[in-house]
file structure_34.cif (mmCIF, C-alpha atoms)
data_target
loop_
_atom_site.label_atom_id
_atom_site.label_comp_id
_atom_site.auth_asym_id
_atom_site.auth_seq_id
_atom_site.Cartn_x
_atom_site.Cartn_y
_atom_site.Cartn_z
CA MET A 1 -26.79 3.48 32.85
CA LYS A 2 -24.29 1.29 31.02
CA LYS A 3 -23.96 1.89 27.28
CA THR A 4 -24.73 -0.78 24.72
CA ILE A 5 -21.93 -1.26 22.18
CA THR A 6 -22.76 -3.53 19.24
CA LEU A 7 -20.25 -4.70 16.65
CA ALA A 8 -21.56 -5.53 13.19
CA GLN A 9 -21.10 -9.21 12.38
CA HIS A 10 -19.36 -8.47 9.08
CA ALA A 11 -16.68 -5.96 10.01
CA GLY A 12 -12.99 -6.01 9.21
CA PHE A 13 -10.95 -8.04 6.75
CA CYS A 14 -12.81 -9.45 3.77
CA TYR A 15 -11.62 -12.61 2.04
CA GLY A 16 -9.52 -10.82 -0.59
CA VAL A 17 -7.72 -8.60 1.94
CA LYS A 18 -7.11 -11.45 4.40
CA ARG A 19 -5.69 -13.56 1.57
CA ALA A 20 -3.38 -10.75 0.43
CA VAL A 21 -2.01 -9.97 3.90
CA GLU A 22 -1.51 -13.58 5.03
CA THR A 23 0.07 -14.66 1.73
CA THR A 24 2.45 -11.69 1.67
CA LYS A 25 3.69 -12.50 5.17
CA LYS A 26 4.06 -16.17 4.23
CA ILE A 27 6.09 -15.29 1.13
CA LYS A 28 8.53 -13.23 3.19
CA SER A 29 8.89 -15.95 5.84
CA GLU A 30 9.68 -18.48 3.09
CA ASN A 31 12.15 -16.11 1.39
CA PRO A 32 14.01 -14.39 4.26
CA CYS A 33 17.08 -13.57 2.16
CA ARG A 34 15.26 -12.20 -0.88
CA PRO A 35 13.88 -8.66 -1.15
CA VAL A 36 10.09 -8.62 -1.27
CA TYR A 37 8.36 -5.57 -2.74
CA VAL A 38 4.74 -4.50 -2.97
CA LEU A 39 4.07 -2.00 -5.74
CA GLY A 40 1.77 0.45 -3.98
CA GLU A 41 0.05 -0.21 -0.64
CA LEU A 42 -1.04 -3.85 -0.34
CA ILE A 43 -4.27 -2.66 1.29
CA HIS A 44 -5.42 0.78 2.42
CA ASN A 45 -4.42 0.60 6.07
CA SER A 46 -1.36 2.35 7.48
CA ASP A 47 -1.09 0.01 10.48
CA VAL A 48 -0.86 -3.04 8.20
CA ILE A 49 1.69 -1.32 5.95
CA LYS A 50 3.80 -0.50 9.01
CA GLU A 51 3.60 -4.12 10.18
CA LEU A 52 4.75 -5.37 6.77
CA ASP A 53 7.62 -2.90 6.80
CA GLU A 54 8.75 -4.17 10.20
CA ILE A 55 9.16 -7.71 8.84
CA GLY A 56 11.10 -6.50 5.81
CA ILE A 57 8.43 -6.12 3.13
CA VAL A 58 9.03 -2.96 1.14
CA THR A 59 6.08 -0.89 -0.05
CA THR A 60 7.22 1.19 -3.00
CA LYS A 61 5.92 3.30 -5.88
CA THR A 62 8.89 2.43 -8.09
CA LEU A 63 10.76 -0.86 -8.27
CA PRO A 64 14.58 -0.82 -8.42
CA GLN A 65 16.24 -2.21 -11.54
CA ASN A 66 16.64 -5.94 -11.04
CA ASN A 67 19.11 -6.80 -13.81
CA ASN A 68 17.01 -9.75 -15.03
CA CYS A 69 17.99 -11.87 -12.05
CA LYS A 70 15.04 -14.09 -11.11
CA ASP A 71 16.49 -14.79 -7.67
CA CYS A 72 16.99 -11.12 -6.86
CA GLY A 73 13.54 -9.94 -5.95
CA ILE A 74 9.86 -10.76 -5.56
CA CYS A 75 7.18 -8.28 -6.58
CA ILE A 76 3.71 -8.69 -5.10
CA ILE A 77 0.75 -7.27 -7.01
CA ARG A 78 -1.51 -5.73 -4.41
CA SER A 79 -5.17 -6.54 -3.79
CA HIS A 80 -6.38 -3.63 -5.98
CA GLY A 81 -4.71 -5.13 -9.05
CA LEU A 82 -2.47 -3.71 -11.74
CA SER A 83 -2.71 -3.41 -15.51
CA ASN A 84 -1.56 -6.34 -17.65
CA GLN A 85 1.02 -4.12 -19.31
CA GLU A 86 2.60 -3.11 -16.00
CA ILE A 87 2.70 -6.71 -14.78
CA LYS A 88 4.43 -7.72 -18.01
CA LYS A 89 7.07 -5.00 -17.55
CA ILE A 90 7.77 -6.13 -14.00
CA ASP A 91 8.24 -9.70 -15.17
CA GLU A 92 10.52 -8.61 -18.02
CA ASN A 93 12.61 -6.64 -15.52
CA GLY A 94 13.53 -9.89 -13.77
CA TYR A 95 11.19 -9.99 -10.79
CA GLU A 96 9.26 -13.02 -9.66
CA VAL A 97 5.70 -11.75 -9.87
CA ILE A 98 3.12 -12.93 -7.36
CA ASP A 99 -0.34 -11.64 -8.19
CA LEU A 100 -2.52 -11.12 -5.11
CA THR A 101 -5.23 -9.15 -6.86
CA CYS A 102 -8.55 -9.79 -5.13
CA PRO A 103 -10.49 -12.45 -7.09
CA ASP A 104 -13.53 -10.14 -7.21
CA VAL A 105 -11.40 -7.36 -8.71
CA LYS A 106 -10.08 -9.83 -11.30
CA LYS A 107 -13.66 -10.53 -12.36
CA VAL A 108 -14.29 -6.82 -12.97
CA GLN A 109 -11.13 -6.57 -15.07
CA GLN A 110 -12.25 -9.55 -17.13
CA LYS A 111 -15.78 -8.20 -17.64
CA ALA A 112 -14.48 -4.77 -18.68
CA GLU A 113 -12.09 -6.36 -21.18
CA GLU A 114 -14.88 -8.58 -22.48
CA LEU A 115 -17.14 -5.58 -23.11
CA ALA A 116 -14.36 -3.60 -24.78
CA THR A 117 -13.43 -6.55 -27.02
CA GLU A 118 -17.07 -6.97 -28.09
CA GLY A 119 -17.34 -3.35 -29.20
CA TYR A 120 -19.22 -1.83 -26.27
CA LEU A 121 -18.61 1.68 -25.05
CA VAL A 122 -17.47 0.85 -21.53
CA VAL A 123 -18.54 2.81 -18.46
CA ILE A 124 -16.69 2.04 -15.23
CA VAL A 125 -18.50 3.27 -12.12
CA GLY A 126 -15.91 4.29 -9.54
CA LYS A 127 -13.29 6.80 -8.53
CA SER A 128 -10.87 7.45 -11.39
CA GLU A 129 -7.89 7.94 -9.06
CA HIS A 130 -8.46 4.68 -7.17
CA PRO A 131 -5.84 1.99 -8.03
CA GLU A 132 -8.51 -0.67 -8.60
CA VAL A 133 -10.30 1.50 -11.15
CA MET A 134 -7.05 2.58 -12.80
CA ALA A 135 -6.14 -1.06 -13.44
CA ILE A 136 -9.64 -1.95 -14.73
CA SER A 137 -9.58 1.03 -17.09
CA ALA A 138 -6.05 0.36 -18.35
CA ASN A 139 -6.86 -3.26 -19.19
CA ALA A 140 -10.07 -2.33 -21.02
CA LYS A 141 -8.26 0.39 -22.99
CA GLN A 142 -5.95 -2.24 -24.47
CA HIS A 143 -8.97 -3.27 -26.57
CA SER A 144 -10.89 -0.01 -27.07
CA ASN A 145 -10.60 3.76 -26.80
CA ASN A 146 -14.25 4.03 -25.71
CA VAL A 147 -13.67 3.52 -21.99
CA TYR A 148 -14.92 6.07 -19.44
CA VAL A 149 -14.84 6.32 -15.65
CA ILE A 150 -17.56 8.15 -13.75
CA SER A 151 -18.17 8.36 -10.00
CA ASP A 152 -21.74 9.70 -10.08
CA ILE A 153 -24.48 10.85 -12.49
CA ASN A 154 -23.21 14.44 -12.42
CA GLU A 155 -20.21 13.32 -14.45
CA ILE A 156 -22.44 12.29 -17.35
CA ASP A 157 -21.99 15.69 -19.00
CA THR A 158 -23.08 16.84 -22.46
CA ASN A 159 -19.93 15.53 -24.14
CA LEU A 160 -20.20 12.04 -22.60
CA SER A 161 -23.95 11.95 -23.20
CA GLN A 162 -23.40 12.50 -26.91
CA LYS A 163 -20.80 9.74 -27.06
CA ILE A 164 -23.15 7.35 -25.28
CA LYS A 165 -26.05 8.24 -27.58
CA SER A 166 -23.94 7.69 -30.69
CA ALA A 167 -22.59 4.34 -29.46
CA LYS A 168 -24.43 1.26 -30.72
CA LYS A 169 -24.16 -0.44 -27.36
CA VAL A 170 -23.00 0.47 -23.85
CA GLY A 171 -21.61 -1.80 -21.13
CA VAL A 172 -21.24 -1.05 -17.41
CA VAL A 173 -19.04 -2.49 -14.68
CA SER A 174 -18.50 -1.18 -11.17
CA GLN A 175 -15.66 -0.77 -8.74
CA THR A 176 -16.13 -3.62 -6.25
CA THR A 177 -16.61 -1.27 -3.29
CA GLN A 178 -19.19 1.06 -4.85
CA ARG A 179 -22.50 1.98 -3.25
CA VAL A 180 -25.42 0.03 -4.73
CA LYS A 181 -27.64 3.13 -4.92
CA ASN A 182 -24.97 5.04 -6.83
CA LEU A 183 -24.67 2.25 -9.40
CA GLN A 184 -28.44 2.09 -9.72
CA ALA A 185 -28.70 5.87 -10.27
CA ILE A 186 -26.06 5.81 -13.02
CA VAL A 187 -27.65 2.80 -14.76
CA SER A 188 -31.02 4.56 -14.64
CA GLU A 189 -29.52 7.64 -16.31
CA LEU A 190 -27.70 5.59 -18.96
CA THR A 191 -30.96 3.79 -19.78
CA LYS A 192 -32.33 7.10 -21.04
CA LEU A 193 -29.39 7.57 -23.40
CA THR A 194 -28.92 4.20 -25.10
CA LYS A 195 -31.04 1.40 -26.55
CA GLU A 196 -28.67 -1.44 -25.73
CA LEU A 197 -27.27 -1.44 -22.21
CA ARG A 198 -25.42 -4.37 -20.68
CA VAL A 199 -24.77 -4.11 -16.95
CA PHE A 200 -22.54 -6.26 -14.77
CA ASN A 201 -23.16 -5.62 -11.09
CA THR A 202 -19.58 -6.22 -9.98
CA ILE A 203 -19.99 -4.83 -6.47
CA CYS A 204 -18.61 -7.68 -4.36
CA ALA A 205 -20.97 -9.64 -2.12
CA SER A 206 -18.95 -8.73 0.95
CA THR A 207 -19.41 -5.01 0.26
CA SER A 208 -23.18 -5.30 -0.21
CA LEU A 209 -23.56 -7.46 2.90
CA ARG A 210 -21.44 -5.09 4.99
CA GLN A 211 -23.40 -2.03 3.82
CA ASN A 212 -26.83 -3.60 4.40
CA GLU A 213 -25.90 -4.90 7.82
CA ALA A 214 -24.43 -1.55 8.89
CA CYS A 215 -27.60 0.25 7.79
CA GLU A 216 -29.77 -2.04 9.93
CA LEU A 217 -27.48 -1.51 12.91
CA ALA A 218 -27.54 2.26 12.37
CA LYS A 219 -31.34 2.30 12.61
CA LYS A 220 -31.03 0.98 16.18
CA SER A 221 -28.07 3.15 17.20
CA GLU A 222 -27.72 6.74 18.37
CA LEU A 223 -24.13 6.75 17.15
CA MET A 224 -22.28 4.70 14.52
CA VAL A 225 -18.51 4.36 14.64
CA VAL A 226 -16.93 3.42 11.31
CA VAL A 227 -13.36 2.17 11.69
CA GLY A 228 -10.86 2.19 8.83
CA SER A 229 -8.53 4.18 6.64
CA LYS A 230 -9.70 7.48 5.14
CA LYS A 231 -8.10 6.25 1.89
CA SER A 232 -10.23 3.10 1.85
CA ALA A 233 -13.10 3.43 -0.64
CA ASN A 234 -15.33 0.82 1.00
CA THR A 235 -14.83 2.39 4.44
CA THR A 236 -15.61 5.95 3.31
CA HIS A 237 -18.67 4.66 1.48
CA LEU A 238 -19.85 3.01 4.70
CA ALA A 239 -19.65 6.35 6.50
CA GLU A 240 -21.47 8.11 3.64
CA ILE A 241 -24.29 5.58 3.68
CA LEU A 242 -24.78 5.72 7.46
CA LYS A 243 -24.70 9.50 8.00
CA PRO A 244 -28.26 10.06 6.70
CA ILE A 245 -29.52 7.35 9.09
CA THR A 246 -27.89 8.35 12.38
CA LYS A 247 -24.97 10.34 13.78
CA THR A 248 -21.81 8.75 12.35
CA ILE A 249 -18.11 9.23 12.95
CA HIS A 250 -15.28 7.79 10.84
CA ILE A 251 -12.02 7.05 12.64
CA GLU A 252 -8.85 5.19 11.69
CA ASN A 253 -8.04 3.92 15.18
CA GLU A 254 -8.97 4.23 18.85
CA GLN A 255 -6.72 7.25 19.37
CA GLU A 256 -9.11 9.40 17.31
CA LEU A 257 -12.06 8.73 19.62
CA CYS A 258 -10.94 11.56 21.91
CA GLU A 259 -12.05 13.99 19.17
CA TYR A 260 -15.67 12.82 19.65
CA THR A 261 -15.94 12.64 23.44
CA GLU A 262 -19.23 14.54 23.68
CA ALA A 263 -20.94 12.49 20.94
CA ILE A 264 -19.86 9.23 22.61
CA LYS A 265 -20.98 10.33 26.07
CA ASN A 266 -24.38 11.40 24.74
CA ALA A 267 -25.08 8.11 22.95
CA GLN A 268 -26.63 5.20 24.84
CA ASN A 269 -26.63 2.71 21.95
CA ILE A 270 -23.44 2.70 19.87
CA GLY A 271 -22.94 0.62 16.75
CA VAL A 272 -19.51 -0.23 15.38
CA THR A 273 -18.58 -1.38 11.89
CA ALA A 274 -15.32 -1.45 9.96
CA GLY A 275 -14.00 -1.44 6.43
CA ALA A 276 -12.69 -4.49 4.62
CA SER A 277 -9.07 -3.45 5.18
CA THR A 278 -9.35 -2.87 8.94
CA PRO A 279 -7.45 -5.40 11.12
CA GLN A 280 -9.26 -7.15 13.96
CA ASN A 281 -6.87 -5.81 16.61
CA ILE A 282 -7.76 -2.22 15.72
CA ILE A 283 -11.50 -2.97 15.90
CA GLU A 284 -11.00 -4.57 19.31
CA ALA A 285 -8.96 -1.59 20.53
CA VAL A 286 -11.75 0.80 19.46
CA ILE A 287 -14.41 -1.20 21.32
CA LYS A 288 -12.21 -1.40 24.42
CA GLU A 289 -11.76 2.37 24.35
CA LEU A 290 -15.49 2.97 23.85
CA GLU A 291 -16.17 0.84 26.92
CA GLN A 292 -14.21 3.36 28.98
CA TYR A 293 -17.02 5.83 28.36
CA THR A 294 -19.65 3.58 29.97
#

call {"tool": "encode", "arguments": {"input": "structure_34.cif", "output": "structure tokens"}}
result
Amino acid sequence: MKKTITLAQHAGFCYGVKRAVETTKKIKSENPCRPVYVLGELIHNSDVIKELDEIGIVTTKTLPQNNNCKDCGICIIRSHGLSNQEIKKIDENGYEVIDLTCPDVKKVQQKAEELATEGYLVVIVGKSEHPEVMAISANAKQHSNNVYVISDINEIDTNLSQKIKSAKKVGVVSQTTQRVKNLQAIVSELTKLTKELRVFNTICASTSLRQNEACELAKKSELMVVVGSKKSANTTHLAEILKPITKTIHIENEQELCEYTEAIKNAQNIGVTAGASTPQNIIEAVIKELEQYT
């Protein structure tokens, strides 16, 4: 019997990622003779980074000295954002700065700064080592020392609990790609520790929609295939959410499907979803490969 392979409607590039990739390519095409740099990976997808490299866009951790020559180089701020202080340094070093921070990420930065300025102890829900969270935290810390990052309720230890209890008011923002249930659990715990709690649900609409849709698809599937980088927060969260519902595998591209041959052969109904930084051509290649098992 032929297998049924269903692709989630909202899979692949979100608005912020599509905007960053298309604009970066456009900038290089309009400035063929100028070096174009991206400080850190533009998005978390190795295939996209390779494609950018092939057209002359340099992904780097450290920018070369530019000798204050505005025509010498262009620096693109990636979709995850960067701290205001770092952007200022890049500008002062002579680069033309083009900020392609996702608009939703910008909103989180603004809300975190707003809370810090107004005297709130700020809790950022997310992974401390993620570039988006690092930028949000750095910007908030320009206004207050009471800024903390936690990824789950287990990180609300005795020391942090005491700081929260002693604070007059506590404000919460979230990494845009967080799981809704995780944010809810942390807010519930914080409610027990403080009298004034101000919460901004800054999980982007695309993330919530993608997660909800994938969950519904998983309920009707014997196997879910999540496509996207292992470094992508929203993609790994998708896999985490789906695993309790049905058998789930997380792959970066079609070449990894061979590691799950038995699971694919045994599944009649297969659902496919993808992270916000997964290109359409990779999703299509995965589906084409899955069809070979039918």

call {"tool": "resolve_selection", "arguments": {"input": "structure_34.cif", "expression": "the PyMOL selection byres ((chain A and resi 22) around 12)", "output": "ChimeraX atom specification"}}
result
/A:13,15-21,23-29,42-43,48,51-52,79,100,279

call {"tool": "resolve_selection", "arguments": {"input": "structure_34.cif", "expression": "the PyMOL selection byres ((chain A and resi 216-220) around 8)", "output": "PyMOL selection string"}}
result
chain A and resi 8+212-215+221-224+242+245-246+269+271

call {"tool": "atom_distance", "arguments": {"input": "structure_34.cif", "atom1": "CA of Cys14 in chain A", "atom2": "CA of Ser277 in chain A"}}
result
7.2 Å

call {"tool": "closest_residue", "arguments": {"input": "structure_34.cif", "among": "A:Leu193, A:Ile241, A:Ala263, A:Cys75", "to": "Thr158 in chain A", "atoms": "all atoms listed in the file"}}
result
A:Leu193

call {"tool": "closest_residue", "arguments": {"input": "structure_34.cif", "among": "A:Lys111, A:Lys231, A:Arg78, A:Lys3", "to": "Glu129 in chain A", "atoms": "only C-alpha atoms"}}
result
A:Lys231

call {"tool": "resolve_selection", "arguments": {"input": "structure_34.cif", "expression": "the PyMOL selection byres ((chain A and resi 73) around 6)", "output": "ChimeraX atom specification"}}
result
/A:34-36,71-72,74,95

call {"tool": "decode", "arguments": {"input": "structure_34.cif", "residues": "range 118-129 of chain A", "atoms": "all heavy atoms", "output": "PDB file, in the first residue's frame"}}
result
ATOM      1  N   GLU A 118      12.315  50.654  33.600  1.00  0.00           N
ATOM      2  CA  GLU A 118      11.254  50.956  34.559  1.00  0.00           C
ATOM      3  C   GLU A 118      11.469  50.295  35.918  1.00  0.00           C
ATOM      4  O   GLU A 118      10.590  50.333  36.783  1.00  0.00           O
ATOM      5  CB  GLU A 118       9.901  50.531  33.982  1.00  0.00           C
ATOM      6  CG  GLU A 118       9.496  51.355  32.764  1.00  0.00           C
ATOM      7  CD  GLU A 118       8.181  50.895  32.156  1.00  0.00           C
ATOM      8  OE1 GLU A 118       7.558  49.972  32.721  1.00  0.00           O
ATOM      9  OE2 GLU A 118       7.779  51.462  31.111  1.00  0.00           O
ATOM     10  N   GLY A 119      12.641  49.696  36.101  1.00  0.00           N
ATOM     11  CA  GLY A 119      12.990  49.166  37.426  1.00  0.00           C
ATOM     12  C   GLY A 119      12.552  47.752  37.719  1.00  0.00           C
ATOM     13  O   GLY A 119      12.610  47.297  38.868  1.00  0.00           O
ATOM     14  N   TYR A 120      12.143  47.008  36.717  1.00  0.00           N
ATOM     15  CA  TYR A 120      11.754  45.615  36.911  1.00  0.00           C
ATOM     16  C   TYR A 120      12.983  44.713  36.979  1.00  0.00           C
ATOM     17  O   TYR A 120      13.991  44.974  36.315  1.00  0.00           O
ATOM     18  CB  TYR A 120      10.876  45.128  35.753  1.00  0.00           C
ATOM     19  CG  TYR A 120       9.462  45.627  35.774  1.00  0.00           C
ATOM     20  CD1 TYR A 120       9.135  46.896  35.300  1.00  0.00           C
ATOM     21  CD2 TYR A 120       8.427  44.815  36.253  1.00  0.00           C
ATOM     22  CE1 TYR A 120       7.822  47.353  35.307  1.00  0.00           C
ATOM     23  CE2 TYR A 120       7.107  45.259  36.261  1.00  0.00           C
ATOM     24  CZ  TYR A 120       6.814  46.533  35.789  1.00  0.00           C
ATOM     25  OH  TYR A 120       5.517  46.983  35.797  1.00  0.00           O
ATOM     26  N   LEU A 121      12.918  43.676  37.770  1.00  0.00           N
ATOM     27  CA  LEU A 121      13.874  42.589  37.643  1.00  0.00           C
ATOM     28  C   LEU A 121      13.432  41.840  36.398  1.00  0.00           C
ATOM     29  O   LEU A 121      12.262  41.432  36.290  1.00  0.00           O
ATOM     30  CB  LEU A 121      13.826  41.666  38.867  1.00  0.00           C
ATOM     31  CG  LEU A 121      14.794  40.470  38.867  1.00  0.00           C
ATOM     32  CD1 LEU A 121      15.219  40.103  40.288  1.00  0.00           C
ATOM     33  CD2 LEU A 121      14.185  39.229  38.184  1.00  0.00           C
ATOM     34  N   VAL A 122      14.320  41.669  35.440  1.00  0.00           N
ATOM     35  CA  VAL A 122      13.955  41.117  34.142  1.00  0.00           C
ATOM     36  C   VAL A 122      14.346  39.643  34.034  1.00  0.00           C
ATOM     37  O   VAL A 122      15.499  39.277  34.273  1.00  0.00           O
ATOM     38  CB  VAL A 122      14.620  41.903  32.991  1.00  0.00           C
ATOM     39  CG1 VAL A 122      14.203  41.327  31.630  1.00  0.00           C
ATOM     40  CG2 VAL A 122      14.258  43.381  33.073  1.00  0.00           C
ATOM     41  N   VAL A 123      13.372  38.822  33.677  1.00  0.00           N
ATOM     42  CA  VAL A 123      13.616  37.405  33.424  1.00  0.00           C
ATOM     43  C   VAL A 123      13.412  37.156  31.926  1.00  0.00           C
ATOM     44  O   VAL A 123      12.343  37.448  31.386  1.00  0.00           O
ATOM     45  CB  VAL A 123      12.662  36.504  34.237  1.00  0.00           C
ATOM     46  CG1 VAL A 123      12.849  35.040  33.827  1.00  0.00           C
ATOM     47  CG2 VAL A 123      12.907  36.664  35.728  1.00  0.00           C
ATOM     48  N   ILE A 124      14.450  36.637  31.286  1.00  0.00           N
ATOM     49  CA  ILE A 124      14.370  36.294  29.868  1.00  0.00           C
ATOM     50  C   ILE A 124      14.278  34.775  29.769  1.00  0.00           C
ATOM     51  O   ILE A 124      15.172  34.066  30.230  1.00  0.00           O
ATOM     52  CB  ILE A 124      15.616  36.795  29.099  1.00  0.00           C
ATOM     53  CG1 ILE A 124      15.768  38.311  29.255  1.00  0.00           C
ATOM     54  CG2 ILE A 124      15.515  36.412  27.612  1.00  0.00           C
ATOM     55  CD1 ILE A 124      17.109  38.839  28.780  1.00  0.00           C
ATOM     56  N   VAL A 125      13.207  34.279  29.185  1.00  0.00           N
ATOM     57  CA  VAL A 125      13.023  32.841  29.044  1.00  0.00           C
ATOM     58  C   VAL A 125      13.641  32.398  27.719  1.00  0.00           C
ATOM     59  O   VAL A 125      13.179  32.786  26.641  1.00  0.00           O
ATOM     60  CB  VAL A 125      11.529  32.457  29.076  1.00  0.00           C
ATOM     61  CG1 VAL A 125      11.377  30.941  28.904  1.00  0.00           C
ATOM     62  CG2 VAL A 125      10.902  32.908  30.389  1.00  0.00           C
ATOM     63  N   GLY A 126      14.710  31.604  27.809  1.00  0.00           N
ATOM     64  CA  GLY A 126      15.400  31.169  26.602  1.00  0.00           C
ATOM     65  C   GLY A 126      16.727  30.530  26.937  1.00  0.00           C
ATOM     66  O   GLY A 126      17.085  30.380  28.116  1.00  0.00           O
ATOM     67  N   LYS A 127      17.462  30.179  25.914  1.00  0.00           N
ATOM     68  CA  LYS A 127      18.768  29.554  26.086  1.00  0.00           C
ATOM     69  C   LYS A 127      19.840  30.631  26.148  1.00  0.00           C
ATOM     70  O   LYS A 127      19.998  31.413  25.203  1.00  0.00           O
ATOM     71  CB  LYS A 127      19.042  28.575  24.937  1.00  0.00           C
ATOM     72  CG  LYS A 127      18.063  27.403  24.910  1.00  0.00           C
ATOM     73  CD  LYS A 127      18.388  26.437  23.785  1.00  0.00           C
ATOM     74  CE  LYS A 127      17.425  25.239  23.792  1.00  0.00           C
ATOM     75  NZ  LYS A 127      17.724  24.276  22.708  1.00  0.00           N
ATOM     76  N   SER A 128      20.579  30.659  27.242  1.00  0.00           N
ATOM     77  CA  SER A 128      21.541  31.741  27.482  1.00  0.00           C
ATOM     78  C   SER A 128      22.614  31.842  26.409  1.00  0.00           C
ATOM     79  O   SER A 128      23.138  32.926  26.149  1.00  0.00           O
ATOM     80  CB  SER A 128      22.192  31.566  28.854  1.00  0.00           C
ATOM     81  OG  SER A 128      22.869  30.316  28.928  1.00  0.00           O
ATOM     82  N   GLU A 129      22.952  30.709  25.767  1.00  0.00           N
ATOM     83  CA  GLU A 129      24.024  30.719  24.766  1.00  0.00           C
ATOM     84  C   GLU A 129      23.522  31.036  23.368  1.00  0.00           C
ATOM     85  O   GLU A 129      24.314  31.140  22.424  1.00  0.00           O
ATOM     86  CB  GLU A 129      24.757  29.369  24.761  1.00  0.00           C
ATOM     87  CG  GLU A 129      23.969  28.196  24.189  1.00  0.00           C
ATOM     88  CD  GLU A 129      22.970  27.565  25.144  1.00  0.00           C
ATOM     89  OE1 GLU A 129      22.778  28.104  26.259  1.00  0.00           O
ATOM     90  OE2 GLU A 129      22.374  26.535  24.769  1.00  0.00           O
TER      91      GLU A 129
END
